[in-house]
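Next comes run_21.cif, a file with mmCIF, C-alpha atoms.
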data_query
#
loop_
_atom_site.label_atom_id
_atom_site.label_comp_id
_atom_site.auth_asym_id
_atom_site.auth_seq_id
_atom_site.Cartn_x
_atom_site.Cartn_y
_atom_site.Cartn_z
CA VAL A 1 0.00 0.00 0.00
CA ILE A 2 1.36 3.40 -0.96
CA LEU A 3 -0.12 6.29 0.99
CA GLU A 4 0.72 9.98 0.83
CA VAL A 5 1.09 11.12 4.42
CA ALA A 6 0.76 14.52 6.06
CA PHE A 7 4.40 15.13 7.05
CA GLN A 8 3.46 18.27 8.93
CA PHE A 9 2.31 16.06 11.83
CA PRO A 10 5.38 14.18 13.12
CA PRO A 11 5.29 11.02 15.23
CA PRO A 12 3.81 10.33 17.71
CA PHE A 13 1.02 12.72 16.74
CA ARG A 14 -1.93 11.12 15.04
CA PHE A 15 -3.87 13.42 12.74
CA GLU A 16 -6.67 12.45 10.37
CA ARG A 17 -9.12 14.70 8.58
CA LYS A 18 -12.53 13.06 8.95
CA TYR A 19 -15.27 12.96 6.32
CA ASP A 20 -18.39 15.04 6.84
CA PRO A 21 -21.09 14.55 4.17
CA LYS A 22 -22.61 17.94 5.01
CA GLN A 23 -19.37 19.75 4.32
CA ALA A 24 -17.45 17.61 1.84
CA LEU A 25 -13.75 18.42 1.60
CA ARG A 26 -13.64 17.57 -2.09
CA SER A 27 -16.13 20.31 -3.01
CA SER A 28 -13.81 22.98 -1.61
CA TYR A 29 -10.47 21.32 -2.37
CA ASP A 30 -8.09 23.19 -4.65
CA SER A 31 -5.48 20.79 -6.06
CA ALA A 32 -3.24 23.71 -7.05
CA ARG A 33 -2.83 24.71 -3.40
CA TRP A 34 -1.35 22.73 -0.53
CA ILE A 35 -3.74 22.39 2.39
CA ALA A 36 -2.09 22.01 5.77
CA THR A 37 -5.10 20.55 7.56
CA ALA A 38 -5.92 17.73 5.15
CA GLY A 39 -4.66 14.19 5.03
CA CYS A 40 -3.40 11.66 7.52
CA SER A 41 -0.20 11.62 9.56
CA LEU A 42 2.34 8.79 9.49
CA SER A 43 1.42 7.66 13.03
CA GLN A 44 -2.28 7.62 12.21
CA SER A 45 -1.62 5.75 8.95
CA ILE A 46 0.22 3.07 10.91
CA ALA A 47 -2.60 2.89 13.48
CA LEU A 48 -5.20 2.49 10.71
CA LEU A 49 -3.33 -0.05 8.56
CA GLU A 50 -1.82 -2.29 11.26
CA PRO A 51 -5.17 -3.89 12.25
CA LEU A 52 -5.73 -4.59 8.54
CA GLY A 53 -2.49 -6.59 8.41
CA TYR A 54 -0.05 -4.01 7.03
CA VAL A 55 3.19 -2.70 8.51
CA LEU A 56 5.40 0.24 7.58
CA LEU A 57 8.13 -0.75 5.13
CA PHE A 58 9.71 2.68 4.51
CA LEU A 59 9.10 6.29 3.57
CA HIS A 60 9.81 7.61 0.09
CA GLU A 61 9.44 11.32 -0.51
CA SER A 62 5.93 12.15 0.77
CA ASP A 63 4.69 8.55 0.68
CA ALA A 64 4.59 5.81 3.28
CA ILE A 65 4.99 2.31 1.84
CA PHE A 66 3.28 -0.51 3.71
CA VAL A 67 3.62 -4.26 3.19
CA ALA A 68 1.37 -7.11 4.25
CA LYS A 69 2.65 -8.73 7.45
CA GLU A 70 2.82 -12.16 5.82
CA TYR A 71 5.53 -10.86 3.43
CA THR A 72 7.78 -9.16 5.97
CA HIS A 73 10.06 -12.22 6.09
CA VAL A 74 11.02 -11.55 2.44
CA PHE A 75 12.27 -8.06 3.31
CA GLU A 76 13.90 -9.19 6.55
CA ARG A 77 15.88 -11.85 4.72
CA SER A 78 16.67 -9.96 1.51
CA TYR A 79 17.38 -6.51 2.93
CA ARG A 80 18.34 -7.37 6.51
CA MET A 81 15.43 -5.33 7.81
CA GLN A 82 13.65 -5.87 11.07
CA PHE A 83 9.93 -5.35 11.63
CA PRO A 84 8.18 -3.46 12.95
CA GLN A 85 10.03 -0.48 11.52
CA ASP A 86 10.69 2.41 13.90
CA GLU A 87 8.36 5.19 12.67
CA PHE A 88 10.43 7.87 14.47
CA LEU A 89 13.63 6.72 12.79
CA CYS A 90 11.91 6.50 9.40
CA TYR A 91 10.49 9.99 9.83
CA ARG A 92 13.79 11.50 11.03
CA SER A 93 15.67 9.86 8.13
CA SER A 94 13.29 11.14 5.47
CA LEU A 95 13.02 14.43 3.62
CA LEU A 96 10.72 16.84 5.42
CA TRP A 97 7.86 17.77 3.08
CA VAL A 98 6.58 21.10 4.32
CA HIS A 99 5.13 24.27 2.88
CA ASP A 100 5.06 27.90 3.92
CA THR A 101 2.00 27.62 6.13
CA ILE A 102 3.79 25.46 8.71
CA PRO A 103 7.49 26.30 9.12
CA GLY A 104 9.94 23.41 9.43
CA ASP A 105 11.07 24.81 12.78
CA TYR A 106 7.57 24.25 14.19
CA ILE A 107 7.57 20.64 13.00
CA ARG A 108 11.03 20.07 14.47
CA ASP A 109 9.84 21.48 17.82
CA TRP A 110 6.79 19.21 17.76
CA LEU A 111 8.92 16.14 16.93
CA PHE A 112 11.44 16.71 19.71
CA SER A 113 9.06 18.06 22.35
CA ALA A 114 9.40 16.59 25.82
CA ASP A 115 5.84 17.60 26.78
CA LEU A 116 3.44 15.85 24.39
CA ASP A 117 0.29 17.27 26.02
CA GLU A 118 1.51 20.86 25.71
CA THR A 119 2.57 20.22 22.11
CA LEU A 120 -0.81 18.69 21.36
CA GLN A 121 -2.46 21.91 22.57
CA ARG A 122 -0.19 23.99 20.32
CA LEU A 123 -0.97 21.71 17.38
CA GLU A 124 -4.70 22.07 18.09
CA GLY A 125 -4.39 25.85 17.98
CA ASN A 126 -2.41 25.76 14.75
CA ILE A 127 -4.90 23.38 13.12
CA SER A 128 -7.83 25.60 14.10
CA GLU A 129 -6.15 28.68 12.67
CA LEU A 130 -5.01 26.94 9.46
CA ALA A 131 -8.39 25.26 8.95
CA GLN A 132 -10.04 28.65 9.11
CA ALA A 133 -7.57 30.04 6.54
CA ASP A 134 -8.21 26.99 4.31
CA GLY A 135 -11.98 27.37 4.60
CA PHE A 136 -12.33 24.10 6.55
CA THR A 137 -13.66 25.47 9.83
CA GLY A 138 -16.00 22.93 11.36
CA LEU A 139 -14.74 19.93 9.38
CA PRO A 140 -14.12 17.07 11.83
CA TYR A 141 -10.65 15.68 12.50
CA LEU A 142 -8.80 13.42 14.90
CA LEU A 143 -5.74 14.71 16.74
CA THR A 144 -4.08 12.72 19.50
CA HIS A 145 -0.76 11.16 20.48
#

Written as structure tokens, how would this file's structure read?
Amino acid sequence: VILEVAFQFPPPFRFERKYDPKQALRSSYDSARWIATAGCSLSQSIALLEPLGYVLLFLHESDAIFVAKEYTHVFERSYRMQFPQDEFLCYRSSLLWVHDTIPGDYIRDWLFSADLDETLQRLEGNISELAQADGFTGLPYLLTH
């Protein structure tokens, strides 16, 4: 499974924009403009796909690549990998895909924060402000750690 992830939400933060049929994201989505409050974080992607039998293989550019658990032995033997992969290490070793609306320094602070609850509150404030700027005020989302 190849999934584009929202890199602006580093591990362990789990972000997912939820669907609301009354206020469909697609009707207001502009593909020519990056939207900071859309998508699904790496940690949330892992949480959603693991119960379905998929584990993180690696990150490539803005995509997370997942493999079915029953095939992990192929990668362990052929590439001397060990599962489960460390999502923090994968994230830290990847290119950081960000845009002007969320500075890389913010993301770095969130990633290395010692106080996850305080950081979660800051993220919540940033999401609210960015969602309003994107025209997504009121659209449901999940944000946790």

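The interatomic distance for the pair atom CA of Leu3 of chain A and atom CA of Ala133 of chain A works out to 25.5 Å.
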
For a cut-off of 8 Å around (0.7, 5.4, 1.6), file coordinates, pick out all residues using only C-alpha atoms and list them as a count of residues only. 10

List the spatial neighbours of Phe13 of chain A as a PyMOL selection string - criterion: any atom at most 9 Å away, only C-alpha atoms, same-chain residues fewer than 4 positions off excluded. chain A and resi 9+41-44+110-111+116+120+143-145

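Remark: for Ser93 of chain A, the closest of the candidate residues A:Leu59, A:Ala131, A:Ala114, A:Ala47 is A:Leu59 (distances computed over all atoms listed in the file).
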
Applied to the shown file, which residues does the PyMOL selection byres ((chain A and resi 56) around 7) return, written as a PyMOL selection string? chain A and resi 46+54-55+57-58+65-67+85

Care to translate the PyMOL selection byres ((chain A and resi 98) around 9) into actual residues of this file, as a PyMOL selection string? chain A and resi 6-8+36+96-97+99-104+107

Could you work out how far atom CA of Leu130 of chain A lies from atom CA of Ile35 of chain A, giving the answer in Å with one decimal? 8.5 Å

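Note that the spacing between atom CA of Phe136 of chain A and atom CA of Ala38 of chain A amounts to 9.1 Å.
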
Give me the result of the PyMOL selection byres ((chain A and resi 139) around 10) on this file, residue by residue, as a CSV table (one decimal) with C-alpha atoms, in the coordinates of the input.
chain,number,residue,atom,x,y,z
A,17,ARG,CA,-9.1,14.7,8.6
A,18,LYS,CA,-12.5,13.1,9.0
A,19,TYR,CA,-15.3,13.0,6.3
A,20,ASP,CA,-18.4,15.0,6.8
A,21,PRO,CA,-21.1,14.6,4.2
A,22,LYS,CA,-22.6,17.9,5.0
A,23,GLN,CA,-19.4,19.8,4.3
A,24,ALA,CA,-17.4,17.6,1.8
A,25,LEU,CA,-13.8,18.4,1.6
A,37,THR,CA,-5.1,20.6,7.6
A,131,ALA,CA,-8.4,25.3,9.0
A,132,GLN,CA,-10.0,28.6,9.1
A,135,GLY,CA,-12.0,27.4,4.6
A,136,PHE,CA,-12.3,24.1,6.6
A,137,THR,CA,-13.7,25.5,9.8
A,138,GLY,CA,-16.0,22.9,11.4
A,140,PRO,CA,-14.1,17.1,11.8
A,141,TYR,CA,-10.6,15.7,12.5

Report, as JSON, the axis-aligned box around all atoms of segment 62-81 of chain A present in the file, extended by 6 Å on each side; give centre and edge lengths in Å to one decimal place.
{"center_x": 9.9, "center_y": 0.0, "center_z": 4.2, "size_x": 29.0, "size_y": 36.4, "size_z": 19.1}
